[in-house]
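Engineer: Dropping a structure here in structure tokens format, bear with me for questions.
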Amino acid sequence: MAVEPSVQQDVRRAALHCLTGLCGRKCEFGSEQYWPLDLLSTQLLAAAKNHPDSAYVAKLVLSQLRAIHSILRTTSETSLLPLLPDLLAGLRFFMATGLPGQPSAVTPLPYASIPSSTKMKKSKSPAVSVAEPNLLLQHSQVPRPLAMRSSSAPTSSDSDMSDNEGHDATITKSLAAKLRLQSLLCLTSLFSALSPRNTFCYWQSFLPDGPRLPNSPPSLLSCVLRDTNHKCRSAALAVLCAMLDRSKPLLAAADDRLHHSLGLAFTPFSSHLGAMLREVHHRLLLSLGTETQPTVLTRAARSLALLAANTPYQQLSSGYATRMLSALQCLSQHKDIDVRVACLTSCGAILSISPSLPEVEAWLSGSPWLLLWCTALLQPTSPSPPNPLCTQALQVLAAAARFYFHSIEGNWVTLVELSIYHLTTPQQQQHSLKLLEELTRASSDWAEAGQLWTRLLEGPLTAILQDHRSSPQCAQACAVLATLSSPAMSQLKSSLQALAITLPLGLSRDATAAPSVSSGAVRVLGVYCTFPSLRQDQAFLQDSQLAVLHALASSNQQMRVQASWALANLSDALTVSNFKLSSSFYHEILSGASKALNDKDMVKCNAVRALGNILRVIPEQPEDKVLSLSSHISSCISMGTVKLRWNACYACHSIFSSTPTFSAQYPAAANLLLETLCETVSTCPNFKVCTNASLALTSLPSYTATQMKKVWSATLTSFEHSLQHHDFPEFKQAANLQVQLCRCVCHVLCVESDLGEVPCHPLTDSGLRALAACLHSMHTSTEDRTVLESTSRKLESFAAAVQSHTALTHIYSVLRTLLLT
């Protein structure tokens, strides 16, 4: 092969130029499509090990890097994975060429050290291990980097250097910068092309986890802070952005609150990751304070925004967010517009951290420069600020209104005026609508909300909703309309109420409207279905039914998702309305909901809720049809997403609680649903699903002897299960589940005619103690206290049965103690 080391250097370099040209285009190489990358990565690693000293060899390496960069643009992730260790090793070496310090080997973290909480699976590529020889670069003697050699050579004076020597030094310095820049460009392409799951184990080779020691190798952030070429500093920041992008699930384990001073025998992975994030924050902020090039400053501020979006600040020590905001304040008056725009972008990312941070709320209240700056940018002035600045200022204010409304509510009137003013500016219209959405949502219950909505519906908002040429703006205007609250609607005059209703009704069925607009309009109708006044409006319910069912038959999935949600809200309204509509009205909803059960889970999860509500209010149906529908609901309870399962359980609750004769009219359907619920409540690992399943079992007005035994056994089994150790999200739901299970126990005892039939399910001592604690917590609720009193009276009337049953005796003892206090 022409690029093999044995071939003359001139021929090798010419071959590399040809390969670069070929690989820049998406060519087909047969079954060995990406063999050039394998070859080049091997050559690059060999060059790193052999330490190229001459400028000529450096040019050869530069050609290799350009060829690799061309290939990376068209190579699939699967093809890259086997070559990743060698490729990163070579790029890691040349990334630091020209910097002081000793380049180190690329030593990835083994997969075993990555905790299971990141929910990462092993790659299908060969296992990565630090012991593999191709991952290690053994440097016995590391030469000084190219950029340092000419300046480090001993000279008597500057005048002693000939013109030729000075020219050679300039060429060498330029070559070193090109090598560093090209390797950084390759790294950017590489990290962008691969999923973070496959590159996360290499982060420790590129990012520091502690302060830089004198002999520690340079990291990616060393390039950011110390590279003499501003293009290389900018490229290093681009690599950091590529690494941080989509990394939020992997960084979720980070925690820097544990220190070595605690005397731990080892450093937990969470602490190691937290220390790495601490150093990245520290050095990025240092870069913001020392950098002078506007392009690099812009990139650094955007890197900080990406870092803020992916870091779990709730698990880190406080102070990160306020230090970032304070550092960004220095950039707010920079003469370069791009720097100021990037500064606002970073501020918006920090304000968008969810859940909100107390330190940011305190900072906003005590240091209002950011809000003052944004409002100053949006004030009507001549000449007006550039559009990018206004856009970012609107986004920052929208984030502040969403997450820190209490800190800015004193400026509510000013922010509303500014958002309405910029609705007339086409370039700022959509961002103004977003800010208006957050402001109207946060102030929906205010007395001034009615006045604001009167102003919006009489002017700019209505004009945008009637303009179909601007689909994104019209869709965002629908999102604003969806924040209209029931109290604010009642404050509007009748003509404006009618306008607020007819606008979404018309858009939902407009064939010329974009799908995003129609789905937004359907969502507005779903919100309106929750208003008490409109739930009693037959004409509105009938018009909404036609619009929602029309959207449910759409080919656009997002529209069907919104339509199923609106249909569920409409069916909720039917269960509380004090009138009955025509039989065809209910049958059309039932048919639409049934068809939606064959759709995706995100559509089914609301369709099944609508189905339960309709079975609750629809007149008597043929038993085989009800059994078929119940079978669909049972399937949704047993499998699918968590949201689908708990919605299906809630549908059963709706059927059982409002149809006292359901079990008698449709015994086969009732038995099917009850058995599925019992199986779910005792075996499902998700506590929210179990809670809703228990709620449905509690809704049955009576049980047969067989049903009672199944419910009793499933309930106590689930209670024991809830006491075991689970993931943190389930731990938070455990208390709600246990209270609902206690309610189910009390319900069974109250409706059972013969307590002697209650099976003796063995509760452990810890289970009995937990049951007593749960009953005690229920005692504080007025509604639950009534249930406990009824249960106590029932147990007292069956003294003999209670005395022969350990669990019943314990429950009765606890209840008597509670009710006598």
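In the structure tokens, each chain is lettered A, B, ... as it comes, each chain's residues begin at 1, and ligands are numbered from 1 in order of appearance.
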Skipping near chain neighbours, those fewer than 2 positions away, what residues fall within 6 Å of segment 487-495 of chain A using only C-alpha atoms, listed as a list in words?
Structural biologist: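 In the requested form, the answer reads Ala449, Gly450, Ser485, Gln497 and Ala498 of chain A.
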Engineer: Once you have the residues from the selection above, write them out as a JSON list (two decimals), in the first residue's frame, restricted to all heavy atoms.
Structural biologist:
[["chain", "number", "residue", "atom", "x", "y", "z"],
["A", 449, "ALA", "N", -55.72, 39.43, 35.67],
["A", 449, "ALA", "CA", -55.66, 38.51, 34.53],
["A", 449, "ALA", "C", -56.76, 38.80, 33.53],
["A", 449, "ALA", "O", -56.56, 38.74, 32.31],
["A", 449, "ALA", "CB", -55.73, 37.06, 35.01],
["A", 450, "GLY", "N", -57.96, 39.12, 34.02],
["A", 450, "GLY", "CA", -59.07, 39.43, 33.12],
["A", 450, "GLY", "C", -58.79, 40.63, 32.24],
["A", 450, "GLY", "O", -59.10, 40.63, 31.03],
["A", 485, "SER", "N", -57.33, 30.80, 32.16],
["A", 485, "SER", "CA", -57.89, 30.06, 33.28],
["A", 485, "SER", "C", -59.40, 30.29, 33.38],
["A", 485, "SER", "O", -59.95, 31.24, 32.79],
["A", 485, "SER", "CB", -57.22, 30.47, 34.58],
["A", 485, "SER", "OG", -57.45, 31.84, 34.85],
["A", 497, "GLN", "N", -65.67, 36.01, 25.46],
["A", 497, "GLN", "CA", -65.74, 34.59, 25.79],
["A", 497, "GLN", "C", -66.08, 33.76, 24.55],
["A", 497, "GLN", "O", -65.48, 32.71, 24.30],
["A", 497, "GLN", "CB", -66.80, 34.36, 26.87],
["A", 497, "GLN", "CG", -66.41, 34.88, 28.24],
["A", 497, "GLN", "CD", -67.43, 34.51, 29.30],
["A", 497, "GLN", "OE1", -68.28, 33.64, 29.08],
["A", 497, "GLN", "NE2", -67.38, 35.18, 30.44],
["A", 498, "ALA", "N", -67.04, 34.25, 23.77],
["A", 498, "ALA", "CA", -67.40, 33.55, 22.54],
["A", 498, "ALA", "C", -66.23, 33.51, 21.56],
["A", 498, "ALA", "O", -65.97, 32.50, 20.89],
["A", 498, "ALA", "CB", -68.61, 34.22, 21.89]]
Engineer: Report as a PyMOL selection string: the residues of segment 259-497 of chain A with a DSSP assignment of alpha helix (DSSP H), based on the backbone of this structure.
Structural biologist: chain A and resi 269-290+294-310+320-329+337-351+358-366+369-378+387-403+405-408+412-421+429-442+449-457+460-465+471-481+486-491+494-497
Engineer: Leaving out His431 of chain A and any residue of its chain fewer than 4 positions from it, which residues lie within 10 Å of it when counting only C-alpha atoms, given as number ranges by chain?
Structural biologist: A: 390-395, 397-398, 419, 422-423, 426-427, 435-437, 473, 476
Engineer: Can you pull out the residues contacting segment 571-575 of chain A? Cut-off 8 Å, using only C-alpha atoms, and skip same-chain residues under 5 positions away; I want them as a list in words.
Structural biologist: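 Close residues of segment 571-575 of chain A: Cys529, Thr530, Arg535, Ala610, Asn613, Ile614, Arg616 and Val617 of chain A.
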Engineer: Report, in Å with one decimal, the straight-line distance from atom CA of Leu590 of chain A to atom CA of Leu611 of chain A.
Structural biologist: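 Atom CA of Leu611 of chain A lies at a distance of 6.3 Å from atom CA of Leu590 of chain A.
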Engineer: Could you give me, as number ranges by chain, the residues within 12 Å of Ser247 of chain A, counting only C-alpha atoms and dropping anything in the same chain fewer than 5 positions from it?
Structural biologist: A: 118, 120, 191-192, 194-201, 203, 240-242, 252-254, 306-312
Engineer: Which one is closest to Trp565 of chain A: A:Ser766, A:Ser519, A:Ser70, A:Thr375? Count only C-alpha atoms.
Structural biologist: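 Counting only C-alpha atoms, the residue closest to Trp565 of chain A is A:Ser519.
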Engineer: Tell me, in Å to one decimal, how far atom CA of Pro218 of chain A is from atom CA of Met95 of chain A.
Structural biologist: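 So the answer is 9.4 Å.
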Engineer: For Gln333 of chain A, which of A:Val11, A:Leu627, A:Ala539, A:Leu370 is the closest residue, counting only C-alpha atoms?
Structural biologist: A:Leu370
Engineer: For segment 594-598 of chain A, work out the shell of residues within 8 Å, counting only C-alpha atoms and skipping chain neighbours fewer than 2 positions away, then give it as a list in words.
Structural biologist: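 Final neighbour list, sorted by chain and number: Leu552, Ser564, Leu590, Ser591, Gly592, Lys600, Val603, Lys604, Ala607, Val608, Leu611, Leu629 and His632 of chain A.
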Engineer: Could the residues in this selection be written to a file with all heavy atoms, as a compact mmCIF listing (two decimals), in the first residue's frame?
Structural biologist:
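And here is the file that came out, again09.txt:
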# COMPACT_ATOMS: atom_id res chain seq x y z
N LEU A 552 -58.62 13.24 16.04
CA LEU A 552 -58.19 11.89 16.43
C LEU A 552 -58.02 10.99 15.21
O LEU A 552 -57.28 10.00 15.27
CB LEU A 552 -59.22 11.28 17.39
CG LEU A 552 -58.77 10.10 18.24
CD1 LEU A 552 -57.60 10.47 19.12
CD2 LEU A 552 -59.92 9.59 19.09
N SER A 564 -56.36 12.85 21.84
CA SER A 564 -56.72 11.84 22.85
C SER A 564 -56.75 12.46 24.24
O SER A 564 -57.60 12.11 25.07
CB SER A 564 -55.72 10.67 22.80
OG SER A 564 -54.43 11.08 23.21
N LEU A 590 -67.19 6.63 22.15
CA LEU A 590 -66.77 5.26 22.46
C LEU A 590 -66.05 4.64 21.27
O LEU A 590 -65.01 3.99 21.43
CB LEU A 590 -67.99 4.43 22.85
CG LEU A 590 -67.72 3.01 23.36
CD1 LEU A 590 -66.95 3.05 24.66
CD2 LEU A 590 -69.03 2.26 23.54
N SER A 591 -66.57 4.87 20.07
CA SER A 591 -65.94 4.32 18.86
C SER A 591 -64.57 4.95 18.63
O SER A 591 -63.60 4.25 18.32
CB SER A 591 -66.85 4.57 17.66
OG SER A 591 -66.24 4.15 16.46
N GLY A 592 -64.48 6.29 18.81
CA GLY A 592 -63.19 6.95 18.62
C GLY A 592 -62.15 6.49 19.63
O GLY A 592 -60.98 6.26 19.27
N LYS A 600 -50.32 4.29 19.08
CA LYS A 600 -49.14 4.29 19.94
C LYS A 600 -49.54 4.47 21.40
O LYS A 600 -50.63 4.95 21.72
CB LYS A 600 -48.20 5.42 19.53
CG LYS A 600 -47.74 5.37 18.08
CD LYS A 600 -46.76 4.25 17.86
CE LYS A 600 -46.20 4.31 16.44
NZ LYS A 600 -45.23 3.21 16.17
N VAL A 603 -50.85 7.79 22.63
CA VAL A 603 -52.25 8.06 22.30
C VAL A 603 -53.17 7.19 23.16
O VAL A 603 -54.18 7.64 23.68
CB VAL A 603 -52.52 7.80 20.80
CG1 VAL A 603 -54.00 8.03 20.46
CG2 VAL A 603 -51.64 8.70 19.94
N LYS A 604 -52.79 5.94 23.35
CA LYS A 604 -53.61 4.99 24.12
C LYS A 604 -53.78 5.41 25.57
O LYS A 604 -54.83 5.17 26.18
CB LYS A 604 -52.97 3.59 24.07
CG LYS A 604 -53.04 2.93 22.70
CD LYS A 604 -52.11 1.74 22.61
CE LYS A 604 -52.50 0.63 23.55
NZ LYS A 604 -51.65 -0.57 23.34
N ALA A 607 -56.64 7.65 25.66
CA ALA A 607 -57.83 7.02 25.08
C ALA A 607 -58.45 6.03 26.06
O ALA A 607 -59.67 5.91 26.15
CB ALA A 607 -57.47 6.33 23.77
N VAL A 608 -57.61 5.31 26.81
CA VAL A 608 -58.15 4.34 27.76
C VAL A 608 -58.86 5.05 28.92
O VAL A 608 -59.87 4.55 29.45
CB VAL A 608 -57.03 3.40 28.27
CG1 VAL A 608 -56.09 4.13 29.22
CG2 VAL A 608 -57.60 2.17 28.95
N LEU A 611 -62.18 5.92 27.57
CA LEU A 611 -63.01 4.72 27.48
C LEU A 611 -63.64 4.39 28.82
O LEU A 611 -64.83 4.05 28.90
CB LEU A 611 -62.15 3.56 26.98
CG LEU A 611 -62.88 2.25 26.66
CD1 LEU A 611 -63.89 2.46 25.56
CD2 LEU A 611 -61.87 1.19 26.26
N LEU A 629 -64.34 -4.55 25.25
CA LEU A 629 -63.71 -3.31 25.69
C LEU A 629 -62.92 -3.52 26.98
O LEU A 629 -61.83 -2.97 27.16
CB LEU A 629 -64.77 -2.22 25.87
CG LEU A 629 -65.50 -1.77 24.60
CD1 LEU A 629 -66.62 -0.80 24.96
CD2 LEU A 629 -64.53 -1.12 23.63
N HIS A 632 -59.60 -4.95 26.28
CA HIS A 632 -58.63 -3.93 25.85
C HIS A 632 -58.05 -3.20 27.06
O HIS A 632 -56.83 -2.96 27.13
CB HIS A 632 -59.31 -2.93 24.91
CG HIS A 632 -59.50 -3.43 23.51
ND1 HIS A 632 -58.46 -3.78 22.70
CD2 HIS A 632 -60.63 -3.64 22.79
CE1 HIS A 632 -58.92 -4.19 21.52
NE2 HIS A 632 -60.24 -4.11 21.56
Engineer: Skipping near chain neighbours, those fewer than 4 positions away, what residues fall within 12 Å of Glu623 of chain A using only C-alpha atoms, listed as a PyMOL selection string?
Structural biologist: chain A and resi 627-630+662-670
Engineer: Next, write the just-selected residues to a file, as a short mmCIF file (atom, residue, chain, number, x, y, z; two decimals), in the first residue's frame, keeping all heavy atoms as the atom set.
Structural biologist:
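In the end it all went to part04.cif:
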data_model
loop_
_atom_site.label_atom_id
_atom_site.label_comp_id
_atom_site.auth_asym_id
_atom_site.auth_seq_id
_atom_site.Cartn_x
_atom_site.Cartn_y
_atom_site.Cartn_z
N LEU A 627 -67.42 -6.80 27.32
CA LEU A 627 -66.32 -7.73 27.61
C LEU A 627 -65.13 -7.46 26.68
O LEU A 627 -63.98 -7.52 27.11
CB LEU A 627 -66.81 -9.17 27.44
CG LEU A 627 -65.77 -10.27 27.72
CD1 LEU A 627 -65.26 -10.17 29.15
CD2 LEU A 627 -66.37 -11.65 27.46
N SER A 628 -65.42 -7.17 25.41
CA SER A 628 -64.34 -6.87 24.46
C SER A 628 -63.60 -5.60 24.87
O SER A 628 -62.36 -5.55 24.85
CB SER A 628 -64.92 -6.71 23.05
OG SER A 628 -63.93 -6.31 22.14
N LEU A 629 -64.34 -4.55 25.25
CA LEU A 629 -63.71 -3.31 25.69
C LEU A 629 -62.92 -3.52 26.98
O LEU A 629 -61.83 -2.97 27.16
CB LEU A 629 -64.77 -2.22 25.87
CG LEU A 629 -65.50 -1.77 24.60
CD1 LEU A 629 -66.62 -0.80 24.96
CD2 LEU A 629 -64.53 -1.12 23.63
N SER A 630 -63.48 -4.32 27.87
CA SER A 630 -62.78 -4.61 29.12
C SER A 630 -61.48 -5.38 28.87
O SER A 630 -60.49 -5.20 29.57
CB SER A 630 -63.68 -5.40 30.07
OG SER A 630 -64.84 -4.68 30.39
N PHE A 662 -72.34 -2.67 37.84
CA PHE A 662 -71.48 -3.17 36.76
C PHE A 662 -71.16 -4.64 36.95
O PHE A 662 -71.23 -5.43 36.00
CB PHE A 662 -70.19 -2.35 36.71
CG PHE A 662 -69.28 -2.71 35.57
CD1 PHE A 662 -69.47 -2.15 34.32
CD2 PHE A 662 -68.24 -3.61 35.73
CE1 PHE A 662 -68.64 -2.48 33.25
CE2 PHE A 662 -67.41 -3.95 34.67
CZ PHE A 662 -67.61 -3.38 33.44
N SER A 663 -70.81 -5.03 38.17
CA SER A 663 -70.47 -6.44 38.42
C SER A 663 -71.66 -7.35 38.17
O SER A 663 -71.50 -8.48 37.68
CB SER A 663 -69.98 -6.62 39.86
OG SER A 663 -68.81 -5.88 40.08
N ALA A 664 -72.86 -6.88 38.50
CA ALA A 664 -74.06 -7.70 38.29
C ALA A 664 -74.44 -7.76 36.81
O ALA A 664 -74.84 -8.82 36.30
CB ALA A 664 -75.22 -7.15 39.11
N GLN A 665 -74.30 -6.61 36.11
CA GLN A 665 -74.67 -6.59 34.69
C GLN A 665 -73.65 -7.30 33.81
O GLN A 665 -74.01 -7.97 32.84
CB GLN A 665 -74.81 -5.13 34.22
CG GLN A 665 -76.04 -4.42 34.77
CD GLN A 665 -76.10 -2.98 34.29
OE1 GLN A 665 -75.08 -2.35 34.06
NE2 GLN A 665 -77.31 -2.47 34.14
N TYR A 666 -72.39 -7.13 34.12
CA TYR A 666 -71.32 -7.69 33.28
C TYR A 666 -70.35 -8.46 34.16
O TYR A 666 -69.20 -8.03 34.39
CB TYR A 666 -70.59 -6.56 32.55
CG TYR A 666 -71.49 -5.52 31.94
CD1 TYR A 666 -71.59 -4.24 32.49
CD2 TYR A 666 -72.26 -5.82 30.81
CE1 TYR A 666 -72.41 -3.28 31.92
CE2 TYR A 666 -73.09 -4.86 30.24
CZ TYR A 666 -73.16 -3.59 30.80
OH TYR A 666 -73.99 -2.65 30.24
N PRO A 667 -70.76 -9.62 34.69
CA PRO A 667 -69.89 -10.35 35.63
C PRO A 667 -68.57 -10.82 35.01
O PRO A 667 -67.53 -10.78 35.66
CB PRO A 667 -70.76 -11.55 36.04
CG PRO A 667 -71.78 -11.68 34.95
CD PRO A 667 -72.04 -10.32 34.45
N ALA A 668 -68.60 -11.24 33.74
CA ALA A 668 -67.36 -11.71 33.11
C ALA A 668 -66.36 -10.57 32.97
O ALA A 668 -65.16 -10.73 33.24
CB ALA A 668 -67.67 -12.33 31.75
N ALA A 669 -66.85 -9.41 32.55
CA ALA A 669 -65.96 -8.25 32.40
C ALA A 669 -65.41 -7.80 33.75
O ALA A 669 -64.23 -7.48 33.88
CB ALA A 669 -66.72 -7.11 31.72
N ALA A 670 -66.28 -7.80 34.78
CA ALA A 670 -65.84 -7.38 36.11
C ALA A 670 -64.77 -8.33 36.65
O ALA A 670 -63.77 -7.89 37.24
CB ALA A 670 -67.03 -7.31 37.06
#
Engineer: For a test of reading the model, state the distance in Å between atom CA of Ala693 of chain A and atom CA of Cys678 of chain A, rounded to one decimal.
Structural biologist: 7.6 Å
Engineer: Point out the residue among A:Glu620, A:Thr683, A:Ser508, A:Asn606 with the least atom-to-atom distance to Asn647 of chain A, counting only C-alpha atoms.
Structural biologist: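 The answer is A:Asn606, which sits nearest to Asn647 of chain A.
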